[in-house]
Amino acid sequence: MVKKKTCVFISGNGSNLKNLISNSRNSNFPVKISLVISNNKSAYGINYAKKNKIPYIFINTKIQNYENKIFLNLKKYGISFICLAGYMKIISTKLIRDYRKKIINIHPSLLPKFKGLNTFQRILKNKEKKTGCTVHYVNENLDSGTIISQKSFDILINDNENTLRKKTQRLEYSVFPQAIIKIFRYN
Ligand code: GAR
């Protein structure tokens with residue numbers, strides 16, 4: 001199997017990156033993590049790239065033309081698939097057009113509910129009975145692309161933002177790789 005050269009975009013802890021790297025060691029997993037891009041120089045997740053000898057790049061999104069730098073690096077490393085894993089920046093329309101249906105994102109809610117930031121806070125405030133995570137294609141509208149996979153769990157009376165985050169992330173570690181397998185099974 002020829003694995004798709006994949007870039008993972010991160011901004012922080014990178015636990016999903018770590019999990020994807022570990023899944024990609026399986027010869028049947030359809031992608032190889034060939035590049036990591038972070039918009040945050042001190043993102044802990046960069047350590048997983050270093051440890052696994054995966055090229056990584058810091059992109060300063062405050063400089064003009066940073067999108068071009070992203071694009072050139074994607075080309076340089078032959079990237080054909082992109083996973084947003086806790087990347088807290090909006091992706092440019094140009095990149096979305098160049099990689100149409102080739103960029104996916106993981107979001108910590110049951111989309112279309114709770115798009116955007118501060119999801120756990122809003123979920124609790126809204127007294128939701130269930131929550132979960134969603135993997136979806138990235139299009140021009142925030143957290144609105146076609147859903148690939150979604151899984152939920154029941155919210156318990158004692159749950160708070162911290163416990164919801166932990167439970168959601170635990171679910172993410174199975175849903176993200178499953179979504180990738182699902183995409184390439186039909187391609
Ligand atoms: C993940 O839980 C992901 O769902 C969330 O950020 C976390 C990153 O964790 N993404 C968003 O909120 C996107 N709007 P990680 O850096 O440990 O993978």
# chains A, B, ... in the order shown; residues from 1 in each chain; ligands from 1
>>> select_by_dssp(residues="region 4-185 of chain A", states="alpha helix (DSSP H)", output="JSON, numbers by chain")
{"A": [15, 16, 17, 18, 19, 20, 21, 22, 23, 24, 46, 47, 48, 49, 50, 51, 66, 67, 68, 69, 70, 71, 72, 73, 74, 75, 76, 93, 94, 95, 96, 97, 98, 119, 120, 121, 122, 123, 124, 125, 161, 162, 163, 164, 165, 166, 167, 168, 169, 170, 171, 172, 173, 174, 175, 176, 177, 178, 179, 180, 181, 182, 183, 184, 185]}
>>> residues_around(residues="Asn16 (chain A)", least_positions_apart="3", cutoff="12 Å", atoms="only C-alpha atoms", output="PDB file with all heavy atoms, in the first residue's frame")
ATOM      1  N   VAL A   8       0.373  17.131   9.525  1.00  0.00           N
ATOM      2  CA  VAL A   8      -0.509  17.398  10.664  1.00  0.00           C
ATOM      3  C   VAL A   8      -0.224  18.813  11.164  1.00  0.00           C
ATOM      4  O   VAL A   8       0.934  19.165  11.413  1.00  0.00           O
ATOM      5  CB  VAL A   8      -0.300  16.364  11.799  1.00  0.00           C
ATOM      6  CG1 VAL A   8      -1.234  16.664  12.963  1.00  0.00           C
ATOM      7  CG2 VAL A   8      -0.540  14.945  11.278  1.00  0.00           C
ATOM      8  N   PHE A   9      -1.280  19.611  11.266  1.00  0.00           N
ATOM      9  CA  PHE A   9      -1.161  20.982  11.789  1.00  0.00           C
ATOM     10  C   PHE A   9      -1.531  20.953  13.274  1.00  0.00           C
ATOM     11  O   PHE A   9      -2.575  20.401  13.643  1.00  0.00           O
ATOM     12  CB  PHE A   9      -2.159  21.918  11.084  1.00  0.00           C
ATOM     13  CG  PHE A   9      -1.763  22.358   9.697  1.00  0.00           C
ATOM     14  CD1 PHE A   9      -1.392  21.463   8.720  1.00  0.00           C
ATOM     15  CD2 PHE A   9      -1.810  23.714   9.363  1.00  0.00           C
ATOM     16  CE1 PHE A   9      -1.062  21.876   7.438  1.00  0.00           C
ATOM     17  CE2 PHE A   9      -1.485  24.144   8.083  1.00  0.00           C
ATOM     18  CZ  PHE A   9      -1.102  23.235   7.116  1.00  0.00           C
ATOM     19  N   ILE A  10      -0.694  21.568  14.094  1.00  0.00           N
ATOM     20  CA  ILE A  10      -0.974  21.612  15.531  1.00  0.00           C
ATOM     21  C   ILE A  10      -0.772  23.035  16.071  1.00  0.00           C
ATOM     22  O   ILE A  10      -0.152  23.887  15.411  1.00  0.00           O
ATOM     23  CB  ILE A  10      -0.048  20.655  16.333  1.00  0.00           C
ATOM     24  CG1 ILE A  10       1.435  21.042  16.154  1.00  0.00           C
ATOM     25  CG2 ILE A  10      -0.272  19.209  15.927  1.00  0.00           C
ATOM     26  CD1 ILE A  10       2.370  20.389  17.158  1.00  0.00           C
ATOM     27  N   SER A  11      -1.272  23.248  17.295  1.00  0.00           N
ATOM     28  CA  SER A  11      -0.999  24.513  17.989  1.00  0.00           C
ATOM     29  C   SER A  11      -0.558  24.286  19.431  1.00  0.00           C
ATOM     30  O   SER A  11      -0.079  25.203  20.078  1.00  0.00           O
ATOM     31  CB  SER A  11      -2.251  25.403  18.034  1.00  0.00           C
ATOM     32  OG  SER A  11      -2.671  25.756  16.747  1.00  0.00           O
ATOM     33  N   GLY A  12      -0.786  23.066  19.955  1.00  0.00           N
ATOM     34  CA  GLY A  12      -0.557  22.885  21.402  1.00  0.00           C
ATOM     35  C   GLY A  12       0.026  21.542  21.776  1.00  0.00           C
ATOM     36  O   GLY A  12       1.085  21.151  21.279  1.00  0.00           O
ATOM     37  N   ASN A  13      -0.706  20.815  22.605  1.00  0.00           N
ATOM     38  CA  ASN A  13      -0.197  19.585  23.219  1.00  0.00           C
ATOM     39  C   ASN A  13       0.178  18.479  22.246  1.00  0.00           C
ATOM     40  O   ASN A  13       1.082  17.703  22.497  1.00  0.00           O
ATOM     41  CB  ASN A  13      -1.247  19.017  24.173  1.00  0.00           C
ATOM     42  CG  ASN A  13      -1.087  19.619  25.536  1.00  0.00           C
ATOM     43  OD1 ASN A  13       0.015  20.026  25.909  1.00  0.00           O
ATOM     44  ND2 ASN A  13      -2.173  19.694  26.276  1.00  0.00           N
ATOM     45  N   ASN A  19      -0.962  10.258  18.685  1.00  0.00           N
ATOM     46  CA  ASN A  19      -1.795   9.098  18.400  1.00  0.00           C
ATOM     47  C   ASN A  19      -1.786   8.745  16.903  1.00  0.00           C
ATOM     48  O   ASN A  19      -1.729   7.573  16.529  1.00  0.00           O
ATOM     49  CB  ASN A  19      -3.216   9.395  18.895  1.00  0.00           C
ATOM     50  CG  ASN A  19      -4.178   8.288  18.603  1.00  0.00           C
ATOM     51  OD1 ASN A  19      -3.964   7.152  18.996  1.00  0.00           O
ATOM     52  ND2 ASN A  19      -5.243   8.611  17.880  1.00  0.00           N
ATOM     53  N   LEU A  20      -1.793   9.765  16.055  1.00  0.00           N
ATOM     54  CA  LEU A  20      -1.768   9.495  14.608  1.00  0.00           C
ATOM     55  C   LEU A  20      -0.420   8.900  14.195  1.00  0.00           C
ATOM     56  O   LEU A  20      -0.356   7.996  13.363  1.00  0.00           O
ATOM     57  CB  LEU A  20      -2.057  10.772  13.803  1.00  0.00           C
ATOM     58  CG  LEU A  20      -3.488  11.319  13.899  1.00  0.00           C
ATOM     59  CD1 LEU A  20      -3.643  12.593  13.082  1.00  0.00           C
ATOM     60  CD2 LEU A  20      -4.519  10.269  13.446  1.00  0.00           C
ATOM     61  N   ILE A  21       0.655   9.419  14.794  1.00  0.00           N
ATOM     62  CA  ILE A  21       1.986   8.870  14.479  1.00  0.00           C
ATOM     63  C   ILE A  21       2.011   7.390  14.858  1.00  0.00           C
ATOM     64  O   ILE A  21       2.469   6.539  14.085  1.00  0.00           O
ATOM     65  CB  ILE A  21       3.102   9.635  15.239  1.00  0.00           C
ATOM     66  CG1 ILE A  21       3.220  11.075  14.725  1.00  0.00           C
ATOM     67  CG2 ILE A  21       4.451   8.918  15.089  1.00  0.00           C
ATOM     68  CD1 ILE A  21       4.148  11.971  15.552  1.00  0.00           C
ATOM     69  N   SER A  22       1.469   7.101  16.033  1.00  0.00           N
ATOM     70  CA  SER A  22       1.504   5.720  16.487  1.00  0.00           C
ATOM     71  C   SER A  22       0.643   4.826  15.583  1.00  0.00           C
ATOM     72  O   SER A  22       1.054   3.717  15.222  1.00  0.00           O
ATOM     73  CB  SER A  22       1.108   5.713  17.966  1.00  0.00           C
ATOM     74  OG  SER A  22       0.273   4.686  18.265  1.00  0.00           O
ATOM     75  N   ASN A  23      -0.516   5.304  15.156  1.00  0.00           N
ATOM     76  CA  ASN A  23      -1.349   4.520  14.222  1.00  0.00           C
ATOM     77  C   ASN A  23      -0.649   4.311  12.884  1.00  0.00           C
ATOM     78  O   ASN A  23      -0.808   3.270  12.241  1.00  0.00           O
ATOM     79  CB  ASN A  23      -2.687   5.226  13.984  1.00  0.00           C
ATOM     80  CG  ASN A  23      -3.696   4.854  15.034  1.00  0.00           C
ATOM     81  OD1 ASN A  23      -4.356   3.843  14.933  1.00  0.00           O
ATOM     82  ND2 ASN A  23      -3.773   5.661  16.088  1.00  0.00           N
ATOM     83  N   TYR A  44       3.909  21.919  22.683  1.00  0.00           N
ATOM     84  CA  TYR A  44       4.520  20.690  23.207  1.00  0.00           C
ATOM     85  C   TYR A  44       4.556  19.600  22.134  1.00  0.00           C
ATOM     86  O   TYR A  44       5.490  18.792  22.064  1.00  0.00           O
ATOM     87  CB  TYR A  44       3.753  20.206  24.450  1.00  0.00           C
ATOM     88  CG  TYR A  44       4.395  19.007  25.070  1.00  0.00           C
ATOM     89  CD1 TYR A  44       5.522  19.147  25.883  1.00  0.00           C
ATOM     90  CD2 TYR A  44       3.922  17.719  24.804  1.00  0.00           C
ATOM     91  CE1 TYR A  44       6.145  18.045  26.421  1.00  0.00           C
ATOM     92  CE2 TYR A  44       4.546  16.609  25.348  1.00  0.00           C
ATOM     93  CZ  TYR A  44       5.655  16.777  26.153  1.00  0.00           C
ATOM     94  OH  TYR A  44       6.284  15.675  26.678  1.00  0.00           O
ATOM     95  N   GLY A  45       3.538  19.605  21.277  1.00  0.00           N
ATOM     96  CA  GLY A  45       3.407  18.579  20.243  1.00  0.00           C
ATOM     97  C   GLY A  45       4.604  18.472  19.318  1.00  0.00           C
ATOM     98  O   GLY A  45       4.846  17.406  18.730  1.00  0.00           O
ATOM     99  N   ILE A  46       5.387  19.545  19.185  1.00  0.00           N
ATOM    100  CA  ILE A  46       6.576  19.510  18.317  1.00  0.00           C
ATOM    101  C   ILE A  46       7.538  18.403  18.778  1.00  0.00           C
ATOM    102  O   ILE A  46       8.218  17.781  17.965  1.00  0.00           O
ATOM    103  CB  ILE A  46       7.265  20.905  18.298  1.00  0.00           C
ATOM    104  CG1 ILE A  46       6.390  21.892  17.522  1.00  0.00           C
ATOM    105  CG2 ILE A  46       8.653  20.833  17.674  1.00  0.00           C
ATOM    106  CD1 ILE A  46       6.856  23.322  17.569  1.00  0.00           C
ATOM    107  N   TYR A  48       6.846  15.455  19.650  1.00  0.00           N
ATOM    108  CA  TYR A  48       6.508  14.168  19.029  1.00  0.00           C
ATOM    109  C   TYR A  48       7.083  14.077  17.617  1.00  0.00           C
ATOM    110  O   TYR A  48       7.450  12.999  17.164  1.00  0.00           O
ATOM    111  CB  TYR A  48       4.990  13.948  19.014  1.00  0.00           C
ATOM    112  CG  TYR A  48       4.391  13.930  20.393  1.00  0.00           C
ATOM    113  CD1 TYR A  48       3.413  14.848  20.769  1.00  0.00           C
ATOM    114  CD2 TYR A  48       4.828  13.009  21.342  1.00  0.00           C
ATOM    115  CE1 TYR A  48       2.879  14.844  22.040  1.00  0.00           C
ATOM    116  CE2 TYR A  48       4.297  12.997  22.618  1.00  0.00           C
ATOM    117  CZ  TYR A  48       3.323  13.910  22.962  1.00  0.00           C
ATOM    118  OH  TYR A  48       2.806  13.911  24.230  1.00  0.00           O
ATOM    119  N   CYS A  83      -4.207  16.871   8.129  1.00  0.00           N
ATOM    120  CA  CYS A  83      -5.043  16.679   9.319  1.00  0.00           C
ATOM    121  C   CYS A  83      -4.844  17.862  10.258  1.00  0.00           C
ATOM    122  O   CYS A  83      -3.704  18.149  10.657  1.00  0.00           O
ATOM    123  CB  CYS A  83      -4.623  15.419  10.076  1.00  0.00           C
ATOM    124  SG  CYS A  83      -4.868  13.911   9.154  1.00  0.00           S
ATOM    125  N   LEU A  84      -5.913  18.528  10.607  1.00  0.00           N
ATOM    126  CA  LEU A  84      -5.839  19.586  11.617  1.00  0.00           C
ATOM    127  C   LEU A  84      -6.118  18.927  12.965  1.00  0.00           C
ATOM    128  O   LEU A  84      -7.194  18.358  13.179  1.00  0.00           O
ATOM    129  CB  LEU A  84      -6.861  20.690  11.335  1.00  0.00           C
ATOM    130  CG  LEU A  84      -6.849  21.304   9.923  1.00  0.00           C
ATOM    131  CD1 LEU A  84      -7.853  22.446   9.840  1.00  0.00           C
ATOM    132  CD2 LEU A  84      -5.455  21.781   9.529  1.00  0.00           C
ATOM    133  N   ALA A  85      -5.119  18.979  13.854  1.00  0.00           N
ATOM    134  CA  ALA A  85      -5.243  18.298  15.145  1.00  0.00           C
ATOM    135  C   ALA A  85      -4.980  19.314  16.254  1.00  0.00           C
ATOM    136  O   ALA A  85      -3.853  19.469  16.712  1.00  0.00           O
ATOM    137  CB  ALA A  85      -4.250  17.139  15.218  1.00  0.00           C
ATOM    138  N   GLY A  86      -6.036  20.038  16.610  1.00  0.00           N
ATOM    139  CA  GLY A  86      -5.858  21.085  17.620  1.00  0.00           C
ATOM    140  C   GLY A  86      -5.168  22.303  17.046  1.00  0.00           C
ATOM    141  O   GLY A  86      -4.446  23.002  17.755  1.00  0.00           O
ATOM    142  N   TYR A  87      -5.370  22.555  15.758  1.00  0.00           N
ATOM    143  CA  TYR A  87      -4.796  23.747  15.108  1.00  0.00           C
ATOM    144  C   TYR A  87      -5.792  24.884  15.291  1.00  0.00           C
ATOM    145  O   TYR A  87      -6.918  24.818  14.786  1.00  0.00           O
ATOM    146  CB  TYR A  87      -4.549  23.458  13.631  1.00  0.00           C
ATOM    147  CG  TYR A  87      -3.849  24.585  12.887  1.00  0.00           C
ATOM    148  CD1 TYR A  87      -2.546  24.953  13.221  1.00  0.00           C
ATOM    149  CD2 TYR A  87      -4.487  25.262  11.846  1.00  0.00           C
ATOM    150  CE1 TYR A  87      -1.900  25.977  12.542  1.00  0.00           C
ATOM    151  CE2 TYR A  87      -3.842  26.279  11.158  1.00  0.00           C
ATOM    152  CZ  TYR A  87      -2.552  26.625  11.511  1.00  0.00           C
ATOM    153  OH  TYR A  87      -1.914  27.644  10.833  1.00  0.00           O
ATOM    154  N   ASN A 105     -10.483  17.910   9.941  1.00  0.00           N
ATOM    155  CA  ASN A 105     -10.293  18.531  11.249  1.00  0.00           C
ATOM    156  C   ASN A 105     -11.004  17.687  12.304  1.00  0.00           C
ATOM    157  O   ASN A 105     -12.038  17.078  12.027  1.00  0.00           O
ATOM    158  CB  ASN A 105     -10.909  19.936  11.224  1.00  0.00           C
ATOM    159  CG  ASN A 105     -10.813  20.642  12.565  1.00  0.00           C
ATOM    160  OD1 ASN A 105      -9.757  20.645  13.217  1.00  0.00           O
ATOM    161  ND2 ASN A 105     -11.910  21.253  13.010  1.00  0.00           N
ATOM    162  N   ILE A 106     -10.430  17.684  13.514  1.00  0.00           N
ATOM    163  CA  ILE A 106     -11.148  17.058  14.630  1.00  0.00           C
ATOM    164  C   ILE A 106     -11.648  18.161  15.544  1.00  0.00           C
ATOM    165  O   ILE A 106     -10.916  19.101  15.869  1.00  0.00           O
ATOM    166  CB  ILE A 106     -10.290  16.006  15.386  1.00  0.00           C
ATOM    167  CG1 ILE A 106     -11.140  15.305  16.431  1.00  0.00           C
ATOM    168  CG2 ILE A 106      -9.044  16.601  16.021  1.00  0.00           C
ATOM    169  CD1 ILE A 106     -10.895  13.845  16.565  1.00  0.00           C
ATOM    170  N   HIS A 107     -12.922  18.036  15.913  1.00  0.00           N
ATOM    171  CA  HIS A 107     -13.536  19.078  16.736  1.00  0.00           C
ATOM    172  C   HIS A 107     -14.187  18.441  17.966  1.00  0.00           C
ATOM    173  O   HIS A 107     -14.871  17.422  17.853  1.00  0.00           O
ATOM    174  CB  HIS A 107     -14.579  19.845  15.911  1.00  0.00           C
ATOM    175  CG  HIS A 107     -15.164  20.999  16.670  1.00  0.00           C
ATOM    176  ND1 HIS A 107     -14.479  22.187  16.832  1.00  0.00           N
ATOM    177  CD2 HIS A 107     -16.324  21.134  17.341  1.00  0.00           C
ATOM    178  CE1 HIS A 107     -15.214  23.003  17.570  1.00  0.00           C
ATOM    179  NE2 HIS A 107     -16.342  22.387  17.891  1.00  0.00           N
ATOM    180  N   PRO A 108     -14.011  19.074  19.152  1.00  0.00           N
ATOM    181  CA  PRO A 108     -14.490  18.442  20.385  1.00  0.00           C
ATOM    182  C   PRO A 108     -15.962  18.702  20.705  1.00  0.00           C
ATOM    183  O   PRO A 108     -16.307  19.131  21.807  1.00  0.00           O
ATOM    184  CB  PRO A 108     -13.572  19.059  21.451  1.00  0.00           C
ATOM    185  CG  PRO A 108     -13.260  20.411  20.926  1.00  0.00           C
ATOM    186  CD  PRO A 108     -13.242  20.298  19.430  1.00  0.00           C
ATOM    187  N   THR A 168     -13.573  13.456  26.071  1.00  0.00           N
ATOM    188  CA  THR A 168     -13.668  13.751  24.634  1.00  0.00           C
ATOM    189  C   THR A 168     -12.370  13.348  23.942  1.00  0.00           C
ATOM    190  O   THR A 168     -12.393  12.709  22.888  1.00  0.00           O
ATOM    191  CB  THR A 168     -13.943  15.253  24.405  1.00  0.00           C
ATOM    192  OG1 THR A 168     -15.128  15.601  25.106  1.00  0.00           O
ATOM    193  CG2 THR A 168     -14.119  15.569  22.927  1.00  0.00           C
ATOM    194  N   GLN A 169     -11.246  13.685  24.573  1.00  0.00           N
ATOM    195  CA  GLN A 169      -9.959  13.371  23.926  1.00  0.00           C
ATOM    196  C   GLN A 169      -9.755  11.862  23.828  1.00  0.00           C
ATOM    197  O   GLN A 169      -9.263  11.370  22.817  1.00  0.00           O
ATOM    198  CB  GLN A 169      -8.817  14.034  24.670  1.00  0.00           C
ATOM    199  CG  GLN A 169      -8.839  15.555  24.431  1.00  0.00           C
ATOM    200  CD  GLN A 169      -7.480  16.200  24.490  1.00  0.00           C
ATOM    201  OE1 GLN A 169      -6.653  15.831  25.304  1.00  0.00           O
ATOM    202  NE2 GLN A 169      -7.262  17.186  23.634  1.00  0.00           N
ATOM    203  N   ARG A 170     -10.169  11.146  24.870  1.00  0.00           N
ATOM    204  CA  ARG A 170     -10.039   9.686  24.812  1.00  0.00           C
ATOM    205  C   ARG A 170     -10.792   9.137  23.591  1.00  0.00           C
ATOM    206  O   ARG A 170     -10.320   8.262  22.882  1.00  0.00           O
ATOM    207  CB  ARG A 170     -10.592   9.068  26.101  1.00  0.00           C
ATOM    208  CG  ARG A 170      -9.987   7.713  26.406  1.00  0.00           C
ATOM    209  CD  ARG A 170     -10.446   7.175  27.753  1.00  0.00           C
ATOM    210  NE  ARG A 170     -10.224   8.099  28.850  1.00  0.00           N
ATOM    211  CZ  ARG A 170     -11.056   8.254  29.881  1.00  0.00           C
ATOM    212  NH1 ARG A 170     -12.166   7.560  29.958  1.00  0.00           N
ATOM    213  NH2 ARG A 170     -10.780   9.106  30.852  1.00  0.00           N
ATOM    214  N   LEU A 171     -11.944   9.712  23.342  1.00  0.00           N
ATOM    215  CA  LEU A 171     -12.745   9.300  22.190  1.00  0.00           C
ATOM    216  C   LEU A 171     -12.062   9.712  20.877  1.00  0.00           C
ATOM    217  O   LEU A 171     -12.084   8.976  19.884  1.00  0.00           O
ATOM    218  CB  LEU A 171     -14.114   9.989  22.300  1.00  0.00           C
ATOM    219  CG  LEU A 171     -15.352   9.274  21.822  1.00  0.00           C
ATOM    220  CD1 LEU A 171     -15.480   7.917  22.480  1.00  0.00           C
ATOM    221  CD2 LEU A 171     -16.593  10.123  22.150  1.00  0.00           C
ATOM    222  N   GLU A 172     -11.455  10.881  20.897  1.00  0.00           N
ATOM    223  CA  GLU A 172     -10.778  11.379  19.689  1.00  0.00           C
ATOM    224  C   GLU A 172      -9.704  10.410  19.210  1.00  0.00           C
ATOM    225  O   GLU A 172      -9.501  10.247  18.000  1.00  0.00           O
ATOM    226  CB  GLU A 172     -10.139  12.749  19.966  1.00  0.00           C
ATOM    227  CG  GLU A 172     -11.152  13.865  20.112  1.00  0.00           C
ATOM    228  CD  GLU A 172     -10.522  15.234  20.365  1.00  0.00           C
ATOM    229  OE1 GLU A 172      -9.305  15.317  20.638  1.00  0.00           O
ATOM    230  OE2 GLU A 172     -11.252  16.218  20.300  1.00  0.00           O
ATOM    231  N   TYR A 173      -9.022   9.751  20.176  1.00  0.00           N
ATOM    232  CA  TYR A 173      -7.919   8.865  19.788  1.00  0.00           C
ATOM    233  C   TYR A 173      -8.398   7.646  19.004  1.00  0.00           C
ATOM    234  O   TYR A 173      -7.604   6.997  18.334  1.00  0.00           O
ATOM    235  CB  TYR A 173      -7.118   8.426  21.028  1.00  0.00           C
ATOM    236  CG  TYR A 173      -6.589   9.597  21.839  1.00  0.00           C
ATOM    237  CD1 TYR A 173      -6.481   9.529  23.223  1.00  0.00           C
ATOM    238  CD2 TYR A 173      -6.220  10.785  21.217  1.00  0.00           C
ATOM    239  CE1 TYR A 173      -6.015  10.608  23.966  1.00  0.00           C
ATOM    240  CE2 TYR A 173      -5.763  11.870  21.955  1.00  0.00           C
ATOM    241  CZ  TYR A 173      -5.672  11.775  23.325  1.00  0.00           C
ATOM    242  OH  TYR A 173      -5.223  12.846  24.064  1.00  0.00           O
ATOM    243  N   SER A 174      -9.696   7.327  19.094  1.00  0.00           N
ATOM    244  CA  SER A 174     -10.175   6.247  18.220  1.00  0.00           C
ATOM    245  C   SER A 174     -10.882   6.816  16.984  1.00  0.00           C
ATOM    246  O   SER A 174     -10.754   6.278  15.889  1.00  0.00           O
ATOM    247  CB  SER A 174     -11.087   5.279  18.985  1.00  0.00           C
ATOM    248  OG  SER A 174     -12.240   5.931  19.421  1.00  0.00           O
ATOM    249  N   VAL A 175     -11.577   7.944  17.157  1.00  0.00           N
ATOM    250  CA  VAL A 175     -12.381   8.467  16.042  1.00  0.00           C
ATOM    251  C   VAL A 175     -11.502   9.036  14.912  1.00  0.00           C
ATOM    252  O   VAL A 175     -11.793   8.829  13.729  1.00  0.00           O
ATOM    253  CB  VAL A 175     -13.375   9.544  16.543  1.00  0.00           C
ATOM    254  CG1 VAL A 175     -14.135  10.177  15.390  1.00  0.00           C
ATOM    255  CG2 VAL A 175     -14.368   8.922  17.517  1.00  0.00           C
ATOM    256  N   PHE A 176     -10.411   9.720  15.266  1.00  0.00           N
ATOM    257  CA  PHE A 176      -9.575  10.354  14.233  1.00  0.00           C
ATOM    258  C   PHE A 176      -8.961   9.288  13.293  1.00  0.00           C
ATOM    259  O   PHE A 176      -9.152   9.349  12.072  1.00  0.00           O
ATOM    260  CB  PHE A 176      -8.493  11.207  14.909  1.00  0.00           C
ATOM    261  CG  PHE A 176      -8.104  12.452  14.137  1.00  0.00           C
ATOM    262  CD1 PHE A 176      -7.284  13.417  14.730  1.00  0.00           C
ATOM    263  CD2 PHE A 176      -8.524  12.682  12.843  1.00  0.00           C
ATOM    264  CE1 PHE A 176      -6.916  14.572  14.052  1.00  0.00           C
ATOM    265  CE2 PHE A 176      -8.161  13.840  12.145  1.00  0.00           C
ATOM    266  CZ  PHE A 176      -7.346  14.775  12.755  1.00  0.00           C
ATOM    267  N   PRO A 177      -8.258   8.269  13.845  1.00  0.00           N
ATOM    268  CA  PRO A 177      -7.730   7.245  12.944  1.00  0.00           C
ATOM    269  C   PRO A 177      -8.815   6.503  12.177  1.00  0.00           C
ATOM    270  O   PRO A 177      -8.645   6.193  10.993  1.00  0.00           O
ATOM    271  CB  PRO A 177      -6.974   6.286  13.866  1.00  0.00           C
ATOM    272  CG  PRO A 177      -6.984   6.865  15.209  1.00  0.00           C
ATOM    273  CD  PRO A 177      -7.828   8.084  15.232  1.00  0.00           C
TER     274      PRO A 177
END
>>> residues_around(residues="Ile54 (chain A)", least_positions_apart="2", cutoff="12 Å", atoms="only C-alpha atoms", output="VMD selection string")
chain A and resid 5 to 8 17 to 18 21 32 to 37 45 to 52 56 to 57 77
>>> atom_distance(atom1="CA of Phe114 (chain A)", atom2="CA of Asn126 (chain A)")
10.1 Å
>>> select_by_dssp(residues="chain A", states="strand (DSSP E or B)", output="VMD selection string")
chain A and resid 4 to 10 31 to 38 56 to 58 81 to 84 103 to 107 130 to 137 147 to 154
>>> atom_distance(atom1="atom 12 (O, counted along the ligand's line) of ligand 1", atom2="CA of Gly78 (chain A)")
27.1 Å
>>> closest_residue(among="A:Gly132, A:Gly145, A:Gly116, A:Pro30", to="ligand 1", atoms="only C-alpha atoms and all ligand atoms")
A:Gly116
>>> closest_residue(among="A:Ser38, A:Ser27, A:Gln150, A:Thr163", to="Pro112 (chain A)", atoms="only C-alpha atoms")
A:Gln150
>>> closest_residue(among="A:Asn141, A:Ser42, A:Asn118, A:Asn60", to="ligand 1", atoms="only C-alpha atoms and all ligand atoms")
A:Asn118
>>> atom_distance(atom1="atom 5 (C, counted along the ligand's line) of ligand 1", atom2="CA of Lys62 (chain A)")
21.6 Å
>>> closest_residue(among="A:Pro55, A:Ile180, A:Leu156, A:Phe29", to="Ile104 (chain A)", atoms="only C-alpha atoms")
A:Ile180
>>> residues_around(residues="Ser149 (chain A)", least_positions_apart="3", cutoff="7 Å", atoms="only C-alpha atoms", output="list in words")
Thr134, Val135, Val175 and Ala179 of chain A
>>> closest_residue(among="A:Ile183, A:Ile90, A:Ile103, A:Ile79", to="ligand 1", atoms="only C-alpha atoms and all ligand atoms")
A:Ile90
